[in-house]
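Peer 1: Quick one, protein_16.tsv (TSV, C-alpha atoms and all ligand atoms):
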chain	number	residue	atom	x	y	z
D	1	MET	CA	-4.17	-10.88	15.75
D	2	THR	CA	-3.00	-7.47	16.97
D	3	LEU	CA	0.46	-6.51	15.81
D	4	PRO	CA	2.61	-4.54	18.29
D	5	LEU	CA	3.02	-0.95	17.13
D	6	PRO	CA	6.70	0.10	16.96
D	7	VAL	CA	7.71	3.43	18.51
D	8	ILE	CA	8.65	5.88	15.75
D	9	GLN	CA	12.27	7.03	16.22
D	10	PRO	CA	12.75	10.61	15.00
D	11	SER	CA	15.72	11.00	12.68
D	12	THR	CA	18.65	12.62	14.52
D	13	LEU	CA	20.96	12.56	11.49
D	14	SER	CA	22.40	15.83	10.17
D	15	ALA	CA	22.21	16.65	6.45
D	16	ASP	CA	25.91	15.71	6.10
D	17	GLU	CA	25.41	12.38	7.88
D	18	ILE	CA	22.43	11.60	5.64
D	19	ALA	CA	24.44	12.38	2.50
D	20	GLN	CA	27.37	10.26	3.76
D	21	LEU	CA	25.12	7.28	4.57
D	22	GLN	CA	23.40	7.57	1.20
D	23	ARG	CA	26.78	7.46	-0.57
D	24	GLU	CA	27.86	4.41	1.45
D	25	ILE	CA	24.57	2.64	0.75
D	26	ARG	CA	24.80	3.28	-3.02
D	27	GLU	CA	28.42	1.98	-3.02
D	28	LEU	CA	27.48	-1.12	-1.05
D	29	ALA	CA	24.51	-1.75	-3.36
D	30	ALA	CA	26.71	-1.44	-6.45
D	31	ARG	CA	29.30	-3.83	-4.96
D	32	ARG	CA	26.62	-6.40	-4.12
D	33	GLY	CA	24.70	-5.96	-7.37
D	34	ALA	CA	21.67	-4.96	-5.33
D	35	VAL	CA	18.73	-2.75	-6.19
D	36	ILE	CA	17.03	-0.64	-3.52
D	37	ILE	CA	13.29	-0.09	-3.83
D	38	ALA	CA	11.17	2.05	-1.52
D	39	HIS	CA	7.46	2.45	-0.94
D	40	ASN	CA	5.78	5.86	-1.25
D	41	TYR	CA	5.36	5.98	2.57
D	42	GLN	CA	9.05	5.61	3.42
D	43	ARG	CA	11.09	8.30	5.19
D	44	PRO	CA	12.25	11.01	2.71
D	45	GLU	CA	15.95	10.12	3.06
D	46	VAL	CA	15.17	6.45	2.36
D	47	GLN	CA	13.09	7.33	-0.72
D	48	ASP	CA	15.99	9.48	-1.93
D	49	VAL	CA	18.55	6.67	-1.74
D	50	ALA	CA	16.31	4.16	-3.54
D	51	HIS	CA	16.66	3.25	-7.22
D	52	PHE	CA	12.85	3.03	-7.50
D	53	VAL	CA	9.98	4.49	-5.44
D	54	GLY	CA	6.38	3.41	-5.94
D	55	ASP	CA	3.31	1.52	-4.72
D	56	SER	CA	3.37	-1.97	-3.31
D	57	LEU	CA	2.51	-4.01	-6.39
D	58	GLY	CA	4.45	-1.73	-8.75
D	59	LEU	CA	7.57	-2.28	-6.65
D	60	SER	CA	7.14	-6.05	-6.66
D	61	ARG	CA	6.86	-5.93	-10.43
D	62	GLN	CA	10.00	-3.82	-10.49
D	63	ALA	CA	11.70	-6.50	-8.40
D	64	ALA	CA	10.67	-9.13	-10.94
D	65	LYS	CA	11.94	-7.03	-13.88
D	66	THR	CA	15.33	-6.00	-12.55
D	67	ASP	CA	18.55	-7.85	-13.45
D	68	ALA	CA	19.81	-7.45	-9.87
D	69	ASP	CA	20.03	-10.62	-7.79
D	70	VAL	CA	19.54	-8.85	-4.46
D	71	ILE	CA	16.60	-6.58	-3.68
D	72	VAL	CA	16.54	-4.38	-0.59
D	73	PHE	CA	12.83	-3.81	-0.06
D	74	CYS	CA	12.20	-0.63	1.96
D	75	GLY	CA	8.56	-1.23	2.75
D	76	VAL	CA	6.64	-3.67	4.96
D	77	HIS	CA	6.77	-7.45	5.30
D	78	PHE	CA	3.83	-8.42	3.06
D	79	MET	CA	5.30	-6.28	0.26
D	80	ALA	CA	8.65	-8.06	0.52
D	81	GLU	CA	6.78	-11.39	0.40
D	82	THR	CA	4.95	-10.26	-2.74
D	83	ALA	CA	8.33	-9.47	-4.30
D	84	VAL	CA	9.51	-13.01	-3.43
D	85	ILE	CA	6.33	-14.44	-5.01
D	86	LEU	CA	6.77	-12.44	-8.23
D	87	ALA	CA	10.56	-12.69	-8.37
D	88	PRO	CA	11.44	-16.25	-7.33
D	89	GLY	CA	15.18	-16.88	-7.27
D	90	LYS	CA	16.03	-13.33	-6.18
D	91	ARG	CA	17.25	-12.57	-2.67
D	92	VAL	CA	14.79	-10.16	-1.06
D	93	LEU	CA	15.99	-8.33	2.07
D	94	LEU	CA	13.74	-6.39	4.46
D	95	PRO	CA	15.89	-4.01	6.57
D	96	ASP	CA	13.76	-4.35	9.75
D	97	LEU	CA	11.58	-7.27	10.78
D	98	GLU	CA	9.33	-4.99	12.83
D	99	ALA	CA	8.03	-3.59	9.54
D	100	GLY	CA	4.66	-5.37	9.61
D	101	CYS	CA	1.20	-4.09	8.64
D	102	SER	CA	-1.75	-3.75	11.02
D	103	LEU	CA	-4.18	-4.36	8.13
D	104	ALA	CA	-2.49	-7.53	6.83
D	105	ALA	CA	-2.39	-8.79	10.44
D	106	THR	CA	-6.22	-8.75	10.73
D	107	ILE	CA	-6.61	-12.05	8.86
D	108	THR	CA	-4.83	-15.41	8.78
D	109	ALA	CA	-4.96	-18.24	6.25
D	110	GLU	CA	-7.03	-20.26	8.76
D	111	ASP	CA	-9.55	-17.35	9.00
D	112	VAL	CA	-9.93	-17.42	5.19
D	113	ARG	CA	-10.46	-21.20	5.13
D	114	ARG	CA	-13.13	-20.92	7.85
D	115	TRP	CA	-14.85	-18.00	6.09
D	116	ARG	CA	-14.89	-19.87	2.79
D	117	ALA	CA	-16.42	-22.90	4.49
D	118	GLU	CA	-19.22	-20.65	5.80
D	119	PHE	CA	-19.96	-19.33	2.28
D	120	PRO	CA	-19.54	-22.23	-0.13
D	121	GLY	CA	-19.39	-21.22	-3.81
D	122	TYR	CA	-18.29	-17.65	-3.02
D	123	ILE	CA	-15.21	-16.24	-4.77
D	124	ALA	CA	-12.49	-14.92	-2.45
D	125	VAL	CA	-10.94	-11.60	-3.50
D	126	GLY	CA	-8.13	-10.13	-1.41
D	127	TYR	CA	-6.34	-6.82	-1.43
D	128	VAL	CA	-2.54	-6.90	-1.85
D	129	ASN	CA	-2.14	-5.99	1.84
D	130	THR	CA	-2.20	-9.65	2.86
D	131	THR	CA	0.45	-12.19	3.86
D	132	ALA	CA	1.64	-14.81	1.36
D	133	ASP	CA	-0.23	-17.48	3.39
D	134	VAL	CA	-3.50	-15.55	2.95
D	135	LYS	CA	-2.89	-14.86	-0.75
D	136	ALA	CA	-2.47	-18.62	-1.22
D	137	GLU	CA	-6.12	-19.09	-0.10
D	138	LEU	CA	-7.56	-16.51	-2.55
D	139	ASP	CA	-9.12	-16.83	-5.98
D	140	TYR	CA	-8.09	-13.31	-6.96
D	141	CYS	CA	-5.72	-10.72	-5.65
D	142	CYS	CA	-6.58	-7.05	-6.32
D	143	THR	CA	-5.27	-3.54	-5.73
D	144	SER	CA	-7.18	-0.42	-4.76
D	145	GLY	CA	-6.84	0.70	-8.39
D	146	ASN	CA	-8.29	-2.40	-10.05
D	147	VAL	CA	-10.68	-3.86	-7.48
D	148	LEU	CA	-13.81	-2.95	-9.49
D	149	ASP	CA	-12.38	-4.54	-12.66
D	150	VAL	CA	-11.78	-7.75	-10.71
D	151	ILE	CA	-15.30	-7.73	-9.21
D	152	ASP	CA	-16.84	-7.09	-12.66
D	153	ALA	CA	-14.95	-10.05	-14.15
D	154	ILE	CA	-16.58	-12.46	-11.68
D	155	PRO	CA	-19.88	-13.95	-12.97
D	156	ALA	CA	-22.84	-11.94	-11.64
D	157	ASP	CA	-24.47	-14.94	-9.94
D	158	ARG	CA	-21.43	-15.64	-7.73
D	159	GLY	CA	-21.15	-14.19	-4.24
D	160	ILE	CA	-17.86	-12.55	-3.26
D	161	LEU	CA	-15.82	-12.58	-0.06
D	162	PHE	CA	-13.77	-9.39	0.07
D	163	LEU	CA	-10.83	-9.05	2.45
D	164	PRO	CA	-9.18	-7.68	4.53
D	165	ASP	CA	-10.03	-3.95	4.42
D	166	PHE	CA	-13.47	-2.95	5.60
D	167	PHE	CA	-13.34	0.59	4.15
D	168	LEU	CA	-12.21	-0.54	0.71
D	169	GLY	CA	-14.82	-3.34	0.85
D	170	SER	CA	-17.57	-0.87	1.77
D	171	HIS	CA	-16.50	1.37	-1.12
D	172	VAL	CA	-16.80	-1.63	-3.48
D	173	ARG	CA	-20.20	-2.55	-2.06
D	174	ARG	CA	-21.52	0.97	-2.63
D	175	MET	CA	-20.17	1.03	-6.19
D	176	ARG	CA	-21.70	-2.39	-7.00
D	177	PRO	CA	-24.95	-2.44	-4.96
D	178	ASP	CA	-26.44	-5.33	-6.97
D	179	ARG	CA	-23.62	-7.76	-6.07
D	180	ARG	CA	-23.59	-10.12	-3.07
D	181	ILE	CA	-20.41	-9.05	-1.26
D	182	GLU	CA	-19.34	-10.09	2.24
D	183	VAL	CA	-16.66	-7.82	3.70
D	184	TRP	CA	-13.99	-8.72	6.29
D	185	MET	CA	-13.81	-6.29	9.24
D	186	GLY	CA	-10.10	-5.47	8.88
D	187	GLU	CA	-8.72	-1.95	9.06
D	188	CYS	CA	-5.44	-0.08	8.97
D	189	HIS	CA	-4.85	1.99	12.10
D	190	VAL	CA	-3.35	4.85	10.03
D	191	HIS	CA	-6.15	5.26	7.50
D	192	LYS	CA	-8.90	4.66	10.06
D	193	GLY	CA	-7.88	7.92	11.76
D	194	ILE	CA	-8.49	9.96	8.60
D	195	ASN	CA	-12.21	10.43	9.20
D	196	PRO	CA	-14.85	12.60	7.44
D	197	GLU	CA	-14.80	15.29	10.16
D	198	ARG	CA	-11.04	15.82	9.81
D	199	LEU	CA	-11.24	15.93	6.03
D	200	GLU	CA	-14.19	18.33	5.98
D	201	ALA	CA	-12.40	20.72	8.36
D	202	GLN	CA	-9.45	20.82	5.92
D	203	ARG	CA	-11.77	21.32	2.94
D	204	ARG	CA	-13.48	24.26	4.65
D	205	ALA	CA	-10.11	25.86	5.43
D	206	HIS	CA	-8.86	25.32	1.85
D	207	PRO	CA	-11.90	25.50	-0.47
D	208	ASP	CA	-9.80	25.69	-3.68
D	209	ALA	CA	-7.72	22.60	-2.93
D	210	GLU	CA	-8.32	19.33	-4.76
D	211	VAL	CA	-8.67	16.28	-2.52
D	212	LEU	CA	-6.79	12.99	-2.91
D	213	VAL	CA	-8.25	10.15	-0.82
D	214	HIS	CA	-6.98	6.58	-0.46
D	215	PRO	CA	-9.91	4.11	-0.48
D	216	GLU	CA	-8.66	2.60	2.80
D	217	CYS	CA	-9.55	5.83	4.64
D	218	GLY	CA	-12.40	6.01	7.13
D	219	CYS	CA	-13.76	8.92	5.08
D	220	ALA	CA	-13.73	7.20	1.66
D	221	GLY	CA	-16.94	5.22	2.09
D	222	GLN	CA	-18.91	8.25	3.26
D	223	LEU	CA	-17.48	10.40	0.46
D	224	VAL	CA	-18.56	7.94	-2.23
D	225	TYR	CA	-22.00	7.78	-0.67
D	226	SER	CA	-22.30	11.58	-0.42
D	227	MET	CA	-21.15	11.97	-4.04
D	228	GLY	CA	-23.73	9.35	-5.10
D	229	ILE	CA	-26.64	11.22	-3.53
D	230	GLY	CA	-25.37	14.61	-4.74
D	231	ASP	CA	-24.38	16.00	-1.31
D	232	ILE	CA	-20.76	16.50	-2.38
D	233	ASP	CA	-19.56	17.95	-5.65
D	234	PRO	CA	-17.24	15.28	-7.11
D	235	GLU	CA	-15.24	17.92	-9.02
D	236	GLY	CA	-11.74	18.02	-7.59
D	237	LEU	CA	-12.25	15.00	-5.34
D	238	HIS	CA	-10.35	11.83	-6.28
D	239	ILE	CA	-10.47	8.43	-4.60
D	240	ALA	CA	-7.23	6.87	-5.79
D	241	SER	CA	-4.41	4.45	-4.99
D	242	THR	CA	-1.04	5.90	-3.92
D	243	GLU	CA	0.49	5.77	-7.40
D	244	ARG	CA	-2.58	7.30	-9.02
D	245	MET	CA	-2.43	10.15	-6.46
D	246	ILE	CA	1.11	10.93	-7.63
D	247	GLN	CA	-0.07	10.99	-11.25
D	248	LEU	CA	-2.98	13.31	-10.40
D	249	VAL	CA	-0.65	15.83	-8.78
D	250	ALA	CA	1.13	16.14	-12.14
D	251	GLU	CA	-2.03	15.98	-14.29
D	252	ARG	CA	-4.38	18.35	-12.45
D	253	PRO	CA	-4.05	22.14	-12.81
D	254	ALA	CA	-4.78	22.80	-9.10
D	255	SER	CA	-2.03	24.42	-7.05
D	256	GLU	CA	-3.16	23.01	-3.69
D	257	PHE	CA	-3.99	19.42	-2.68
D	258	ILE	CA	-5.37	17.90	0.51
D	259	VAL	CA	-3.76	14.47	0.86
D	260	ALA	CA	-5.79	11.82	2.72
D	261	THR	CA	-3.29	9.02	3.19
D	262	GLU	CA	0.03	8.35	4.96
D	263	THR	CA	2.00	11.60	5.03
D	264	GLY	CA	5.24	10.11	3.62
D	265	ILE	CA	3.76	10.30	0.13
D	266	MET	CA	3.94	14.10	0.22
D	267	HIS	CA	7.74	13.97	-0.15
D	268	ARG	CA	7.43	12.50	-3.62
D	269	MET	CA	4.61	14.88	-4.51
D	270	ALA	CA	6.70	17.90	-3.48
D	271	GLN	CA	9.62	16.62	-5.57
D	272	LEU	CA	7.37	16.13	-8.57
D	273	ALA	CA	5.60	19.51	-8.32
D	274	PRO	CA	7.64	21.85	-6.08
D	275	GLU	CA	5.46	24.83	-7.04
D	276	LYS	CA	2.30	23.18	-5.61
D	277	HIS	CA	1.17	22.93	-1.95
D	278	PHE	CA	0.31	19.69	-0.18
D	279	LEU	CA	-1.71	19.59	3.04
D	280	PRO	CA	-2.21	16.41	5.03
D	281	ALA	CA	-5.86	15.58	5.82
D	282	ASP	CA	-4.43	14.29	9.10
D	283	PRO	CA	-0.83	15.19	10.02
D	284	GLU	CA	-0.81	12.23	12.42
D	285	ALA	CA	-1.39	9.72	9.62
D	286	VAL	CA	2.05	8.16	9.97
D	287	CYS	CA	2.70	4.43	9.59
D	288	ALA	CA	5.02	3.34	12.41
D	289	TYR	CA	5.78	0.07	10.57
D	290	MET	CA	7.00	1.89	7.47
D	291	LYS	CA	9.09	4.23	9.62
D	292	THR	CA	11.09	1.36	11.20
D	293	ILE	CA	13.21	1.47	8.03
D	294	THR	CA	16.01	4.04	8.47
D	295	LEU	CA	19.24	4.69	6.54
D	296	PRO	CA	21.40	2.89	9.17
D	297	ARG	CA	19.04	-0.14	8.87
D	298	VAL	CA	19.32	-0.10	5.06
D	299	LYS	CA	23.11	0.00	5.31
D	300	GLU	CA	23.18	-2.89	7.83
D	301	SER	CA	20.85	-4.83	5.59
D	302	LEU	CA	23.39	-4.69	2.75
D	303	GLU	CA	26.43	-5.25	5.00
D	304	LEU	CA	24.97	-8.12	7.02
D	305	ASP	CA	22.70	-9.57	4.30
D	306	ARG	CA	19.61	-9.26	6.49
D	307	TYR	CA	16.72	-9.92	6.82
D	308	HIS	CA	16.23	-12.53	4.13
D	309	ILE	CA	12.49	-12.97	3.40
D	310	THR	CA	11.39	-16.38	2.16
D	311	VAL	CA	8.06	-17.95	1.22
D	312	PRO	CA	7.63	-21.76	1.03
D	313	LYS	CA	7.51	-22.90	-2.62
D	314	ASP	CA	3.97	-24.36	-2.53
D	315	VAL	CA	2.57	-21.26	-0.78
D	316	ALA	CA	4.33	-18.97	-3.28
D	317	ALA	CA	2.93	-20.95	-6.23
D	318	ARG	CA	-0.67	-20.73	-4.95
D	319	ALA	CA	-0.30	-17.04	-4.03
D	320	ARG	CA	1.20	-16.35	-7.44
D	321	ALA	CA	-1.84	-17.95	-9.09
D	322	ALA	CA	-4.14	-15.41	-7.36
D	323	VAL	CA	-1.95	-12.52	-8.58
D	324	ASP	CA	-1.71	-14.01	-12.10
D	325	ARG	CA	-5.51	-14.37	-12.32
D	326	MET	CA	-5.82	-10.64	-11.59
D	327	VAL	CA	-3.21	-9.81	-14.24
D	328	ALA	CA	-4.89	-12.17	-16.74
D	329	LEU	CA	-8.07	-10.08	-16.44
D	330	GLY	CA	-6.07	-7.18	-17.81
D	331	ALA	CA	-6.77	-5.51	-14.50
D	332	GLY	CA	-3.31	-5.52	-13.04
D	333	GLY	CA	-1.00	-4.38	-15.74
D	334	LYS	CA	-0.75	-0.66	-15.04
D	335	PRO	CA	1.80	0.89	-12.70
D	336	GLY	CA	-0.89	3.25	-11.47
D	337	ASP	CA	-2.93	0.44	-9.88
H	1	LIG	P1	-0.39	0.90	-2.21
H	1	LIG	O1	-0.69	-0.50	-2.60
H	1	LIG	O2	-1.25	1.90	-2.92
H	1	LIG	O3	1.06	1.17	-2.33
H	1	LIG	O4	-0.78	1.07	-0.67
H	1	LIG	C1	-0.29	0.15	0.21
H	1	LIG	C2	-0.65	0.50	1.58
H	1	LIG	O5	-0.11	-0.03	2.51
H	1	LIG	C3	-1.72	1.46	1.80
H	1	LIG	O6	-1.72	1.80	3.12
H	2	LIG	FE1	-0.32	-1.36	6.53
H	2	LIG	FE2	-1.67	0.86	7.07
H	2	LIG	FE3	0.97	0.90	7.17
H	2	LIG	FE4	-0.30	0.68	4.80
H	2	LIG	S1	-0.34	2.42	6.21
H	2	LIG	S2	1.48	-0.53	5.49
H	2	LIG	S3	-2.07	-0.55	5.40
H	2	LIG	S4	-0.37	-0.31	8.50
Is it possible to express this structure as structure tokens?

Peer 2:
Amino acid sequence: MTLPLPVIQPSTLSADEIAQLQREIRELAARRGAVIIAHNYQRPEVQDVAHFVGDSLGLSRQAAKTDADVIVFCGVHFMAETAVILAPGKRVLLPDLEAGCSLAATITAEDVRRWRAEFPGYIAVGYVNTTADVKAELDYCCTSGNVLDVIDAIPADRGILFLPDFFLGSHVRRMRPDRRIEVWMGECHVHKGINPERLEAQRRAHPDAEVLVHPECGCAGQLVYSMGIGDIDPEGLHIASTERMIQLVAERPASEFIVATETGIMHRMAQLAPEKHFLPADPEAVCAYMKTITLPRVKESLELDRYHITVPKDVAARARAAVDRMVALGAGGKPGD
């Protein structure tokens, strides 16, 4: 299924209008007892109005932990569904229904059932970027930070179906060459564009910069391979999930970083380490789905109580089991996953 790509609307709000909207949103949230959470790829002004900013699973856990009854989820649809799965009973609002995900849209629950029938006895492992319907068909959920822990916990004689991201799956295959792993051919249009040529051009221009690469990137697979055969010096090169990238910015002594993921994450990095420099591996790596969420949409969401995201009870229970199995392995407990 191909998801229509929304047109990114540039923000035309002045600094005063942004500040005014942010005040109104905070007041509305307080009146409604709502908490606002925002993904690392959100627009800067949306991140700044949120009570919490983080990665997809971390935010869903935050949703489950909070006392608030209403959660305004500034992220994409599958993330809001994950919050519903982990926080049943809470009212989860997504400010714009166009906020889908091209990667999650590459596979349906029916596709998983058919794939499983083709490979009887295989264990199905799926990345968090999947719909609730797809999660309900999985044995294990995983994140980019804990995928290898999940794979290692599966008995060595069992084959594995990995979905939906081809680049993350290829990375796993290279790291565990002795395992039987079938990989779904899904990809995210944003990360696909961050290819080895683009990254290498940036590295040549900034030889002292450390490099932060999301494993969904087109370049990640080749980088792991090149590191493995000694063609690339692994010093200063990190393949990491979005939250781990944020931690590395604080931990590493480098003053310059090349960031190979969606550019919205650089806002949080700059706030965390204003004295450091952040360069996008690809300045066009912008997720149009994430950018459908604007301050006016967040305000409307609170005023009009929209859009309420629901997951049927039986689907949520089965999807939850896949997430719980990951957590039970001790592989899903860290916010840096
Ligand atoms: P995280 O799970 O690291 O937040 O990433 C989600 C995502 O959509 C990556 O493109
Ligand atoms: Fe989905 Fe890619 Fe956007 Fe992440 S960046 S939400 S994987 S479309």

Peer 1: As a VMD selection string, please: every protein or nucleic acid residue near ligand LIG 2 (chain H) (cut-off 8 Å, counting all atoms listed in the file).

Peer 2: chain D and resid 41 75 to 76 100 to 104 129 187 to 191 216 261 to 262 286 to 290

Peer 1: Nearest to ligand LIG 1 (chain H) among D:Arg204, D:His214, D:His277, D:Arg114, with distances taken over all atoms listed in the file: which residue is it?

Peer 2: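 Of D:Arg204, D:His214, D:His277, D:Arg114, the one nearest ligand LIG 1 (chain H), counting all atoms listed in the file, is D:His214.
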
Peer 1: Give as a list in words the set of residues within 12 Å of the point (-17.4, -12.0, -12.9), where distances use the file's coordinates and only C-alpha atoms.

Peer 2: Tyr122, Ile123, Ala124, Val125, Asp139, Tyr140, Val147, Leu148, Asp149, Val150, Ile151, Asp152, Ala153, Ile154, Pro155, Ala156, Asp157, Arg158, Gly159, Ile160, Arg179, Arg180, Met326 and Leu329 of chain D

Peer 1: Kindly save the residues from that selection, with C-alpha atoms included, as a CSV table (one decimal), keeping the file's coordinate frame.

Peer 2:
chain,number,residue,atom,x,y,z
D,122,TYR,CA,-18.3,-17.6,-3.0
D,123,ILE,CA,-15.2,-16.2,-4.8
D,124,ALA,CA,-12.5,-14.9,-2.4
D,125,VAL,CA,-10.9,-11.6,-3.5
D,139,ASP,CA,-9.1,-16.8,-6.0
D,140,TYR,CA,-8.1,-13.3,-7.0
D,147,VAL,CA,-10.7,-3.9,-7.5
D,148,LEU,CA,-13.8,-3.0,-9.5
D,149,ASP,CA,-12.4,-4.5,-12.7
D,150,VAL,CA,-11.8,-7.8,-10.7
D,151,ILE,CA,-15.3,-7.7,-9.2
D,152,ASP,CA,-16.8,-7.1,-12.7
D,153,ALA,CA,-15.0,-10.0,-14.2
D,154,ILE,CA,-16.6,-12.5,-11.7
D,155,PRO,CA,-19.9,-14.0,-13.0
D,156,ALA,CA,-22.8,-11.9,-11.6
D,157,ASP,CA,-24.5,-14.9,-9.9
D,158,ARG,CA,-21.4,-15.6,-7.7
D,159,GLY,CA,-21.2,-14.2,-4.2
D,160,ILE,CA,-17.9,-12.6,-3.3
D,179,ARG,CA,-23.6,-7.8,-6.1
D,180,ARG,CA,-23.6,-10.1,-3.1
D,326,MET,CA,-5.8,-10.6,-11.6
D,329,LEU,CA,-8.1,-10.1,-16.4

Peer 1: Give the residues close to ligand LIG 1 (chain H), within 6 Å, counting only C-alpha atoms and all ligand atoms; write them as a ChimeraX atom specification.

Peer 2: /D:55-56,241-242

Peer 1: For D:Glu256, which residue out of D:Gln47, D:Gln202, D:Thr130, D:Asn195 is the nearest one, using all atoms listed in the file?

Peer 2: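 Among D:Gln47, D:Gln202, D:Thr130, D:Asn195, it is D:Gln202 that comes nearest to D:Glu256.
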
Peer 1: For D:Asp111, which residue out of D:Val134, D:Phe73, D:Ala34, D:Ala68 is the nearest one, using all atoms listed in the file?

Peer 2: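 Nearest to D:Asp111: D:Val134.
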
Peer 1: With a cut-off of 9 Å, could you pull out the residues of stretch 274-310 of chain D touching stretch 251-255 of chain D and give me the nearest pair of atoms for each, distance in Å to one decimal, using all atoms listed in the file, ordered by chain and ascending number, as JSON lines?

Peer 2:
{"residue": "D:Glu275", "atom": "CA", "partner": "D:Ser255", "partner_atom": "CA", "distance": 7.5}
{"residue": "D:Lys276", "atom": "CA", "partner": "D:Ser255", "partner_atom": "CA", "distance": 4.7}
{"residue": "D:His277", "atom": "CA", "partner": "D:Ser255", "partner_atom": "CA", "distance": 6.2}
{"residue": "D:Phe278", "atom": "CA", "partner": "D:Ser255", "partner_atom": "CA", "distance": 8.7}

Peer 1: Kindly compute an axis-aligned box around the listed atoms of stretch 40-48 of chain D, allowing 5 Å on each side, and express its centre and edge lengths in Å to one decimal as lines of an AutoDock Vina configuration file.

Peer 2:
center_x = 10.7
center_y = 8.3
center_z = 1.6
size_x = 20.6
size_y = 15.4
size_z = 17.1

Peer 1: Residues at most 10 Å from stretch 295-309 of chain D, counting all atoms listed in the file, excluding those fewer than 2 positions away in the same chain, as an NGL selection string?

Peer 2: :D and (11 or 13 or 17-18 or 21-22 or 24-26 or 28-29 or 31-32 or 34 or 36 or 43 or 45-47 or 49 or 70-74 or 77-78 or 80-81 or 83-84 or 91-97 or 292-293 or 311)

Peer 1: Enter the distance from atom CA of D:Ala328 to atom CA of D:Asp165, in Å, rounded to one decimal.

Peer 2: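 About the pair atom CA of D:Ala328 and atom CA of D:Asp165: they are 23.3 Å apart.
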
Peer 1: Applying 9 Å and all atoms listed in the file, which residues near stretch 223-230 of chain D remain after dropping the ones on its own chain fewer than 5 positions away? List them as a PyMOL selection string.

Peer 2: chain D and resi 171+174-175+196+239

Peer 1: Determine the nearest neighbour of D:Val53 from the options D:Met269, D:Ile258, D:Ala109, D:Ala321, counting all atoms listed in the file.

Peer 2: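 Once distances to D:Val53 are computed over all atoms listed in the file, the minimum belongs to D:Met269.
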
Peer 1: For D:Leu3, which residue among D:Val327, D:Ala99, D:Leu272, D:Ala322 is the nearest when counting all atoms listed in the file?

Peer 2: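 The answer is D:Ala99, which sits nearest to D:Leu3.
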
Peer 1: Go through D:Gly145, D:Gly33, D:Pro280, D:Pro88 and flag the residue nearest D:Ala317, using all atoms listed in the file for the distances.

Peer 2: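 For D:Ala317, the nearest of the given residues is D:Pro88.
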
Peer 1: For a test of reading the model, state the distance in Å between atom CA of D:Val172 and atom CA of D:Cys217, rounded to one decimal.

Peer 2: 13.2 Å

Peer 1: Interatomic distance between atom CA of D:Arg23 and atom CA of D:Ala63?

Peer 2: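 Atom-to-atom, atom CA of D:Arg23 to atom CA of D:Ala63, that is 22.0 Å.
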
Peer 1: Considering all atoms listed in the file, return as a list in words whatever protein or nucleic-acid residues lie within 12 Å of D:Ala205, sequence-local ones (same chain, fewer than 3 positions apart) excluded.

Peer 2: Arg198, Leu199, Glu200, Ala201, Gln202, Asp208, Ala209, Glu256, Ile258, Leu279 and Ala281 of chain D
